[in-house]
Amino acid sequence: MMSGTLTRTLAIVRLADRLLREAGVDAAPVSTGLVQTLHPEIEILPAPLGPVASSLVIPGPASSIGKVRLFFHERQSIPRQRFSIAHEYGHYLLHHLKLLDSEAPTDPALREAEADRFASWLLVPLWLLDQAAENISYNAEDKTALERMSYRLASRFNVSRSCMNRALFELFHLRKAFEGSAAAKHRQAKR
Ligand SMILES: [Zn+2]
């Protein structure tokens, strides 16, 4: 159901924001150390995982290892590692602890999309990106300027270029929507 999906997406964004506030994050880059600050039961470990980018191992009730183990691929670039950690953290909160009121999707593709959405909001919260990109406007014509900006911001937030491109796309979309509604209000007020 579409509206249910939207409600859940917004709840994921709110959850990520709450965690950022709890961890006192107010500047980029967001440290993945916040995972252990907020959830000390998680142990983050490097592992040569082969084709898998990352994984989450939740101990069973009979396990002697009390900790949740979050493995990331040690051969990946730092931005990819950070994204993988945030992604697995998302699975833990959304699909294991089930912190949201709504039912978690059973479709694996949807679960992956949720973890990605959580990770990208956690590492590139749009309110931080909005400040960082304050004087930059989106000009689809000027591809070079856009590339340069994305490159600079990706390194500032310590995320991959593809992650930053997605976040910038969302930011410009939101800005446009706000400008649109502000202009509409203005028109109405003038009537
Ligand atoms: Zn996943």
# chains A, B, ... in the order shown; residues from 1 in each chain; ligands from 1
$ select_by_dssp --residues "stretch 54-109 of chain A" --states "strand (DSSP E or B)" --output "PyMOL selection string"
chain A and resi 54-57+68-73
$ residues_near_ligand --ligand "ligand 1" --cutoff "9 Å" --atoms "only C-alpha atoms and all ligand atoms" --output "list in words"
Ala53, Ser54, Ser55, Leu56, Ser84, His87, Glu88, Gly90, His91, Pro108, Ala109, Arg111, Glu112, Ala113, Glu114, Ala115 and Asp116 of chain A
$ residues_around --residues "A:Val30" --least-positions-apart "2" --cutoff "10 Å" --atoms "only C-alpha atoms" --output "list in words"
Leu20, Ala23, Val25, Asp26, Ala27, Ala28, Thr32, Gly33, Leu34, Arg82, Leu122, Leu123, Val124, Pro125, Leu128, Arg156, Phe157, Asn158 and Val159 of chain A
$ select_by_dssp --residues "chain A" --states "alpha helix (DSSP H)" --output "VMD selection string"
chain A and resid 2 to 22 34 to 38 78 to 91 108 to 123 126 to 132 143 to 157 161 to 190
$ write_last_selection --atoms "C-alpha atoms" --output "mmCIF file, in the first residue's frame"
data_model
loop_
_atom_site.group_PDB
_atom_site.id
_atom_site.type_symbol
_atom_site.label_atom_id
_atom_site.label_comp_id
_atom_site.auth_asym_id
_atom_site.auth_seq_id
_atom_site.Cartn_x
_atom_site.Cartn_y
_atom_site.Cartn_z
ATOM 1 C CA MET A 2 1.501 3.285 -1.093
ATOM 2 C CA SER A 3 0.365 5.505 1.786
ATOM 3 C CA GLY A 4 1.568 2.942 4.322
ATOM 4 C CA THR A 5 4.968 2.994 2.648
ATOM 5 C CA LEU A 6 5.112 6.776 2.797
ATOM 6 C CA THR A 7 4.125 6.799 6.469
ATOM 7 C CA ARG A 8 6.881 4.319 7.191
ATOM 8 C CA THR A 9 9.436 6.258 5.174
ATOM 9 C CA LEU A 10 8.657 9.411 7.158
ATOM 10 C CA ALA A 11 8.886 7.432 10.402
ATOM 11 C CA ILE A 12 12.327 6.173 9.335
ATOM 12 C CA VAL A 13 13.461 9.747 8.702
ATOM 13 C CA ARG A 14 12.132 10.818 12.112
ATOM 14 C CA LEU A 15 13.884 7.906 13.808
ATOM 15 C CA ALA A 16 17.216 8.799 12.190
ATOM 16 C CA ASP A 17 16.735 12.426 13.243
ATOM 17 C CA ARG A 18 15.968 11.422 16.813
ATOM 18 C CA LEU A 19 19.148 9.326 16.985
ATOM 19 C CA LEU A 20 21.236 12.174 15.571
ATOM 20 C CA ARG A 21 19.811 14.500 18.217
ATOM 21 C CA GLU A 22 20.427 11.951 20.988
ATOM 22 C CA LEU A 34 27.140 6.950 17.291
ATOM 23 C CA VAL A 35 26.005 3.357 16.720
ATOM 24 C CA GLN A 36 27.993 2.138 19.717
ATOM 25 C CA THR A 37 27.193 5.229 21.763
ATOM 26 C CA LEU A 38 23.468 4.672 21.361
ATOM 27 C CA ILE A 78 35.820 4.280 3.990
ATOM 28 C CA PRO A 79 32.653 5.945 2.633
ATOM 29 C CA ARG A 80 31.296 2.515 1.589
ATOM 30 C CA GLN A 81 32.206 1.029 4.952
ATOM 31 C CA ARG A 82 30.417 3.850 6.732
ATOM 32 C CA PHE A 83 27.335 3.379 4.578
ATOM 33 C CA SER A 84 27.354 -0.382 5.216
ATOM 34 C CA ILE A 85 27.556 0.169 8.980
ATOM 35 C CA ALA A 86 24.658 2.630 8.871
ATOM 36 C CA HIS A 87 22.691 0.262 6.612
ATOM 37 C CA GLU A 88 23.091 -2.720 8.982
ATOM 38 C CA TYR A 89 22.260 -0.471 11.919
ATOM 39 C CA GLY A 90 19.062 0.366 10.067
ATOM 40 C CA HIS A 91 18.210 -3.341 9.732
ATOM 41 C CA PRO A 108 13.483 -8.438 1.082
ATOM 42 C CA ALA A 109 13.788 -5.703 -1.562
ATOM 43 C CA LEU A 110 11.661 -3.356 0.543
ATOM 44 C CA ARG A 111 13.684 -4.144 3.651
ATOM 45 C CA GLU A 112 16.887 -3.309 1.789
ATOM 46 C CA ALA A 113 15.368 -0.067 0.522
ATOM 47 C CA GLU A 114 14.391 0.838 4.101
ATOM 48 C CA ALA A 115 17.899 0.177 5.420
ATOM 49 C CA ASP A 116 19.347 2.275 2.585
ATOM 50 C CA ARG A 117 16.938 5.101 3.257
ATOM 51 C CA PHE A 118 17.813 5.051 6.953
ATOM 52 C CA ALA A 119 21.569 4.958 6.235
ATOM 53 C CA SER A 120 21.506 7.828 3.810
ATOM 54 C CA TRP A 121 19.415 10.003 6.126
ATOM 55 C CA LEU A 122 21.675 9.172 9.061
ATOM 56 C CA LEU A 123 24.898 10.021 7.209
ATOM 57 C CA LEU A 126 19.103 16.942 4.731
ATOM 58 C CA TRP A 127 19.037 19.721 7.341
ATOM 59 C CA LEU A 128 22.841 19.487 7.565
ATOM 60 C CA LEU A 129 23.202 19.259 3.808
ATOM 61 C CA ASP A 130 20.910 22.260 3.422
ATOM 62 C CA GLN A 131 23.295 24.329 5.569
ATOM 63 C CA ALA A 132 26.374 23.036 3.777
ATOM 64 C CA LYS A 143 26.699 19.679 -15.046
ATOM 65 C CA THR A 144 30.306 20.572 -14.192
ATOM 66 C CA ALA A 145 29.327 22.810 -11.287
ATOM 67 C CA LEU A 146 27.025 20.100 -10.013
ATOM 68 C CA GLU A 147 29.805 17.506 -10.240
ATOM 69 C CA ARG A 148 32.219 19.744 -8.362
ATOM 70 C CA MET A 149 29.698 20.466 -5.641
ATOM 71 C CA SER A 150 28.795 16.808 -5.244
ATOM 72 C CA TYR A 151 32.478 15.892 -5.044
ATOM 73 C CA ARG A 152 33.191 18.511 -2.398
ATOM 74 C CA LEU A 153 30.154 17.647 -0.288
ATOM 75 C CA ALA A 154 30.759 13.902 -0.560
ATOM 76 C CA SER A 155 34.183 14.375 0.965
ATOM 77 C CA ARG A 156 32.829 16.746 3.614
ATOM 78 C CA PHE A 157 30.188 14.187 4.663
ATOM 79 C CA ARG A 161 29.490 10.196 -4.652
ATOM 80 C CA SER A 162 26.376 8.184 -5.469
ATOM 81 C CA CYS A 163 25.078 8.645 -1.922
ATOM 82 C CA MET A 164 25.692 12.405 -2.136
ATOM 83 C CA ASN A 165 24.135 12.671 -5.585
ATOM 84 C CA ARG A 166 20.942 11.094 -4.268
ATOM 85 C CA ALA A 167 20.866 13.363 -1.228
ATOM 86 C CA LEU A 168 21.445 16.470 -3.356
ATOM 87 C CA PHE A 169 18.697 15.435 -5.725
ATOM 88 C CA GLU A 170 16.307 15.143 -2.770
ATOM 89 C CA LEU A 171 17.435 18.430 -1.297
ATOM 90 C CA PHE A 172 16.850 20.346 -4.517
ATOM 91 C CA HIS A 173 13.479 18.678 -4.909
ATOM 92 C CA LEU A 174 12.454 19.730 -1.418
ATOM 93 C CA ARG A 175 13.734 23.255 -1.895
ATOM 94 C CA LYS A 176 11.757 23.560 -5.101
ATOM 95 C CA ALA A 177 8.617 22.302 -3.374
ATOM 96 C CA PHE A 178 9.080 24.837 -0.566
ATOM 97 C CA GLU A 179 9.728 27.670 -2.976
ATOM 98 C CA GLY A 180 6.608 26.614 -4.890
ATOM 99 C CA SER A 181 4.408 26.609 -1.813
ATOM 100 C CA ALA A 182 5.896 29.881 -0.526
ATOM 101 C CA ALA A 183 5.194 31.509 -3.884
ATOM 102 C CA ALA A 184 1.631 30.149 -3.863
ATOM 103 C CA LYS A 185 1.054 31.557 -0.366
ATOM 104 C CA HIS A 186 2.440 34.871 -1.470
ATOM 105 C CA ARG A 187 0.090 34.950 -4.461
ATOM 106 C CA GLN A 188 -2.848 34.125 -2.226
ATOM 107 C CA ALA A 189 -1.914 36.828 0.265
ATOM 108 C CA LYS A 190 -1.826 39.413 -2.501
#
$ atom_distance --atom1 "atom CA of A:Leu100" --atom2 "atom CA of A:Val57"
20.8 Å
$ closest_residue --among "A:Pro29, A:Pro40, A:Pro48, A:Gly24" --to "A:Phe72" --atoms "only C-alpha atoms"
A:Pro48
